[in-house]
Amino acid sequence: MSDTADEQLIDKATAFAEDLTSRIGRVIPTAMALSAVVVGSDDSPRVIVAAYDNGEEALFPLHIGGTRRLDLFVKLNCCWDRGASFLAVEESWFHVIPVGDKVPLFRYEYLRRANGSIPAAHVHVHAHRDEFAYALVAGEKGKARQRWRAGKPPRMAEFHFPVGGHRFRPCIEDVLNAVVVEFGVDHVDGWEAAVRAGREQWRRTQLRAAVCDAPDEAVAALRGLGYDVKPPDTAVRDDLDRLRAY
Amino acid sequence: MPTAIVKSRDELLAWREALLTRVSMDKDTLYDLGRNFDLRPDERAVYETVRSIDYLLGEDE
């Protein structure tokens with residue numbers, strides 16, 4: 001163990017892991033907890049937040065009627081944001097997997113630095129439909145067609161369903177809410193209130209970030225509500241990359 | 001596991017080596033099978049952990 005890592009980074013990462021663990025534990029019964037792994041003796045600003053068991057990343061078991069039927073994989077790669085003032089999620093994975101299976105049912109994923117052909121926030125569905133596979137290779141320029149030329153069969157799971165971009169993507173509560181309602185996954189008492197509270201917390205955070213992307217829109221909205229808003233002396237430019245990102 | 005785990009670069013390298021030994025695979029093979037969801041759950045746990053170590057080391061794809 002090294003103790004020379006950035007103490008502020010460790011504090012932020014620890015708080016983030018504990019908060020996320022608490023949010024999950026208020027919806028599903030679990031003894032699992034997320035940990036934050038940080039590089040010591042290094043100036044690396046990177047952090048992994050995941051559950052660990054015996055030195056390996058672990059899954060949150062999901063029970064239905066008391067029997068473990070599914071697993072939830074949760075992992076977030078984080079880093080200092082500009083100015084090293086807060087921890088930003090660079091990538092995240094929320095996978096729902098049948099117990100003992102190699103292949104998830106579906107995956108919610110986020111890539112902060114996605115290239116233009118992949119939506120930053122997206123869902124993969126591991127299912128099959130002939131018509132979907134046919135459509136994937138129907139166009140000469142589609143990604144699936146290019147993979148097909150390289151010998152890879154078209155798969156629905158390769159399709160990235162976009163879900164809200166950087167700011168309006170789903171949070172862990174959305175995934176937990178879905179598995180409880182759709183699959184009947186066992187939950188703890190008060191889960192609905194926890195889901196609503198967690199979702200509100202997430203959306204308030206994202207709303208603040210979204211305001212930074214387009215401050216004039218926030219000003220206009222606030223003035224419409226009767227607020228008196230004084231702009232700064234130096235105008236803040238819109239973050240068009242964020243606003244327009246796939 | 002503690003909430004915060006601080007690892008030196010040498011510890012991360014040793015951790016990765018031990019994981020690859022555990023599944024008797026080199027990293028390229030593990031990554032190829034992992035990308036295609038062709039790993040057993042125990043192997044997938046190793047794959048995800050190795051990916052994380054690579055991220056921390058700045059050796060991610």
# chains A, B, ... in the order shown; residues from 1 in each chain; ligands from 1
call {"tool": "select_by_dssp", "arguments": {"residues": "chain B", "states": "alpha helix (DSSP H)", "output": "CSV table (one decimal) with C-alpha atoms, in the first residue's frame"}}
result
chain,number,residue,atom,x,y,z
B,9,ARG,CA,2.5,1.2,-10.0
B,10,ASP,CA,4.5,-1.8,-9.0
B,11,GLU,CA,1.6,-3.2,-7.0
B,12,LEU,CA,-0.7,-2.7,-10.0
B,13,LEU,CA,1.7,-4.5,-12.3
B,14,ALA,CA,2.0,-7.4,-9.9
B,15,TRP,CA,-1.8,-7.5,-9.5
B,16,ARG,CA,-2.3,-7.7,-13.2
B,17,GLU,CA,0.4,-10.4,-13.6
B,18,ALA,CA,-1.3,-12.5,-10.9
B,19,LEU,CA,-4.7,-12.1,-12.5
B,20,LEU,CA,-3.4,-13.2,-16.0
B,21,THR,CA,-1.7,-16.2,-14.3
B,22,ARG,CA,-5.0,-17.1,-12.6
B,23,VAL,CA,-6.8,-17.4,-16.0
B,27,LYS,CA,-3.6,-10.0,-22.1
B,28,ASP,CA,-4.3,-9.9,-25.8
B,29,THR,CA,-6.3,-13.1,-25.7
B,30,LEU,CA,-8.2,-12.0,-22.6
B,31,TYR,CA,-9.1,-8.7,-24.3
B,32,ASP,CA,-10.2,-10.4,-27.5
B,33,LEU,CA,-12.4,-12.8,-25.7
B,34,GLY,CA,-13.7,-10.1,-23.3
B,35,ARG,CA,-14.7,-7.8,-26.2
B,41,PRO,CA,-18.0,-15.2,-15.4
B,42,ASP,CA,-14.9,-15.9,-13.4
B,43,GLU,CA,-12.7,-15.0,-16.4
B,44,ARG,CA,-14.8,-11.9,-17.1
B,45,ALA,CA,-14.1,-10.7,-13.5
B,46,VAL,CA,-10.4,-10.9,-14.3
B,47,TYR,CA,-10.9,-9.2,-17.7
B,48,GLU,CA,-12.7,-6.2,-16.1
B,49,THR,CA,-10.1,-6.0,-13.4
B,50,VAL,CA,-7.2,-6.0,-15.9
B,51,ARG,CA,-8.9,-3.3,-17.9
B,52,SER,CA,-9.2,-1.2,-14.8
B,53,ILE,CA,-5.5,-1.7,-13.9
B,54,ASP,CA,-4.6,-0.7,-17.5
B,55,TYR,CA,-6.7,2.4,-17.1
B,56,LEU,CA,-5.0,3.3,-13.9
B,57,LEU,CA,-1.6,2.7,-15.5
call {"tool": "residues_around", "arguments": {"residues": "Thr30 of chain A", "least_positions_apart": "3", "cutoff": "9 Å", "atoms": "only C-alpha atoms", "output": "ChimeraX atom specification"}}
result
/A:24-25,33,60-62
call {"tool": "residues_around", "arguments": {"residues": "Glu91 of chain A", "least_positions_apart": "4", "cutoff": "7 Å", "atoms": "only C-alpha atoms", "output": "list in words"}}
result
Leu76, Asn77, Tyr110, Leu111 and Arg112 of chain A
call {"tool": "write_last_selection", "arguments": {"atoms": "N, CA and C atoms", "output": "JSON list (two decimals), in the first residue's frame"}}
result
[["chain", "number", "residue", "atom", "x", "y", "z"],
["A", 76, "LEU", "N", -17.12, 2.52, -12.69],
["A", 76, "LEU", "CA", -16.94, 3.89, -13.21],
["A", 76, "LEU", "C", -15.45, 4.24, -13.20],
["A", 77, "ASN", "N", -14.95, 4.66, -14.33],
["A", 77, "ASN", "CA", -13.60, 5.21, -14.42],
["A", 77, "ASN", "C", -13.71, 6.72, -14.24],
["A", 110, "TYR", "N", -21.32, 4.69, -20.74],
["A", 110, "TYR", "CA", -21.03, 6.10, -20.98],
["A", 110, "TYR", "C", -19.55, 6.27, -21.29],
["A", 111, "LEU", "N", -19.28, 7.03, -22.34],
["A", 111, "LEU", "CA", -17.90, 7.35, -22.73],
["A", 111, "LEU", "C", -17.78, 8.86, -22.84],
["A", 112, "ARG", "N", -17.06, 9.45, -21.94],
["A", 112, "ARG", "CA", -16.94, 10.92, -21.96],
["A", 112, "ARG", "C", -16.23, 11.41, -23.22]]
call {"tool": "select_by_dssp", "arguments": {"residues": "chain B", "states": "strand (DSSP E)", "output": "ChimeraX atom specification"}}
result
/B:4-7
call {"tool": "atom_distance", "arguments": {"atom1": "atom CA of Val103 of chain A", "atom2": "atom CA of Asp174 of chain A"}}
result
21.1 Å
call {"tool": "closest_atom_pairs", "arguments": {"of": "chain A", "to": "chain B", "cutoff": "10 Å", "atoms": "only C-alpha atoms", "output": "tab-separated table"}}
result
residue	atom	partner	partner_atom	distance
A:Met1	CA	B:Lys7	CA	5.5
A:Ser2	CA	B:Val6	CA	5.8
A:Asp3	CA	B:Val6	CA	6.8
A:Thr4	CA	B:Val6	CA	8.6
A:Ala5	CA	B:Val6	CA	7.2
A:Asp6	CA	B:Val6	CA	9.9
A:Ile10	CA	B:Ala4	CA	6.7
A:Asp11	CA	B:Ala4	CA	8.4
A:Ala13	CA	B:Ala4	CA	7.5
A:Thr14	CA	B:Ala4	CA	5.6
A:Ala15	CA	B:Thr3	CA	8.7
A:Phe16	CA	B:Thr3	CA	9.7
A:Ala17	CA	B:Thr3	CA	6.9
A:Glu18	CA	B:Thr3	CA	7.1
A:Thr21	CA	B:Thr3	CA	9.9
A:Met32	CA	B:Met1	CA	9.4
A:Ala33	CA	B:Thr3	CA	7.8
A:Leu34	CA	B:Thr3	CA	6.7
A:Ser35	CA	B:Thr3	CA	4.2
A:Ala36	CA	B:Ala4	CA	4.8
A:Val37	CA	B:Ile5	CA	4.6
A:Val38	CA	B:Val6	CA	4.8
A:Val39	CA	B:Lys7	CA	5.0
A:Gly40	CA	B:Ser8	CA	4.8
A:Ser41	CA	B:Ser8	CA	5.9
A:Asp42	CA	B:Ser8	CA	7.6
A:Ser44	CA	B:Leu56	CA	7.4
A:Pro45	CA	B:Leu56	CA	8.6
A:Arg46	CA	B:Leu56	CA	5.8
A:Val47	CA	B:Leu56	CA	6.7
A:Ile48	CA	B:Ser52	CA	6.6
A:Val49	CA	B:Thr3	CA	9.2
A:Ala50	CA	B:Thr49	CA	9.2
A:Ala51	CA	B:Met1	CA	8.5
A:Tyr52	CA	B:Met1	CA	6.8
A:Asp53	CA	B:Met1	CA	7.5
A:Asn54	CA	B:Met1	CA	8.9
A:Gly55	CA	B:Trp15	CA	8.1
A:Glu56	CA	B:Ala45	CA	5.8
A:Glu57	CA	B:Ala45	CA	5.3
A:Ala58	CA	B:Ala45	CA	6.5
A:Leu59	CA	B:Ala45	CA	8.5
A:Phe73	CA	B:Ala45	CA	9.8
A:Lys75	CA	B:Glu48	CA	9.0
A:Leu76	CA	B:Ser52	CA	9.4
A:Asn77	CA	B:Ser52	CA	7.8
A:Cys78	CA	B:Leu56	CA	9.8
A:Cys79	CA	B:Leu56	CA	9.9
A:Ile97	CA	B:Pro41	CA	9.7
A:Val99	CA	B:Pro41	CA	8.6
A:Gly100	CA	B:Pro41	CA	6.1
A:Asp101	CA	B:Pro41	CA	6.7
A:Lys102	CA	B:Arg40	CA	5.4
A:Val103	CA	B:Phe37	CA	5.6
A:Pro104	CA	B:Phe37	CA	8.3
call {"tool": "residues_around", "arguments": {"residues": "Glu200 of chain A", "least_positions_apart": "4", "cutoff": "12 Å", "atoms": "only C-alpha atoms", "output": "number ranges by chain"}}
result
A: 23, 170-174, 193-196, 204-207
call {"tool": "write_last_selection", "arguments": {"atoms": "N, CA and C atoms", "output": "CSV table (one decimal), in the first residue's frame"}}
result
chain,number,residue,atom,x,y,z
A,23,ARG,N,-26.6,4.5,-2.4
A,23,ARG,CA,-27.7,4.6,-3.3
A,23,ARG,C,-28.2,3.3,-3.8
A,170,PRO,N,-29.1,8.3,-18.3
A,170,PRO,CA,-29.7,7.7,-17.1
A,170,PRO,C,-28.7,7.5,-16.0
A,171,CYS,N,-29.2,7.4,-14.8
A,171,CYS,CA,-28.4,7.2,-13.6
A,171,CYS,C,-28.6,5.8,-13.1
A,172,ILE,N,-27.9,5.4,-12.1
A,172,ILE,CA,-28.0,4.1,-11.5
A,172,ILE,C,-29.4,3.8,-11.0
A,173,GLU,N,-30.0,4.8,-10.5
A,173,GLU,CA,-31.4,4.6,-10.0
A,173,GLU,C,-32.3,4.2,-11.2
A,174,ASP,N,-32.1,4.7,-12.4
A,174,ASP,CA,-33.0,4.4,-13.5
A,174,ASP,C,-32.8,2.9,-13.8
A,193,ALA,N,-38.9,5.6,-2.7
A,193,ALA,CA,-38.4,6.9,-2.3
A,193,ALA,C,-36.9,7.1,-2.5
A,194,ALA,N,-36.2,6.0,-2.3
A,194,ALA,CA,-34.7,6.1,-2.6
A,194,ALA,C,-34.4,6.4,-4.0
A,195,VAL,N,-35.1,5.7,-4.9
A,195,VAL,CA,-35.0,5.9,-6.3
A,195,VAL,C,-35.3,7.3,-6.7
A,196,ARG,N,-36.4,7.8,-6.2
A,196,ARG,CA,-36.7,9.2,-6.5
A,196,ARG,C,-35.7,10.2,-6.0
A,204,ARG,N,-30.1,17.1,-10.4
A,204,ARG,CA,-29.7,18.4,-10.0
A,204,ARG,C,-28.2,18.6,-10.3
A,205,THR,N,-27.4,17.6,-10.1
A,205,THR,CA,-26.0,17.7,-10.4
A,205,THR,C,-25.8,18.0,-11.9
A,206,GLN,N,-26.6,17.2,-12.7
A,206,GLN,CA,-26.4,17.3,-14.2
A,206,GLN,C,-27.0,18.6,-14.7
A,207,LEU,N,-28.0,19.1,-14.0
A,207,LEU,CA,-28.6,20.4,-14.4
A,207,LEU,C,-27.6,21.5,-14.2
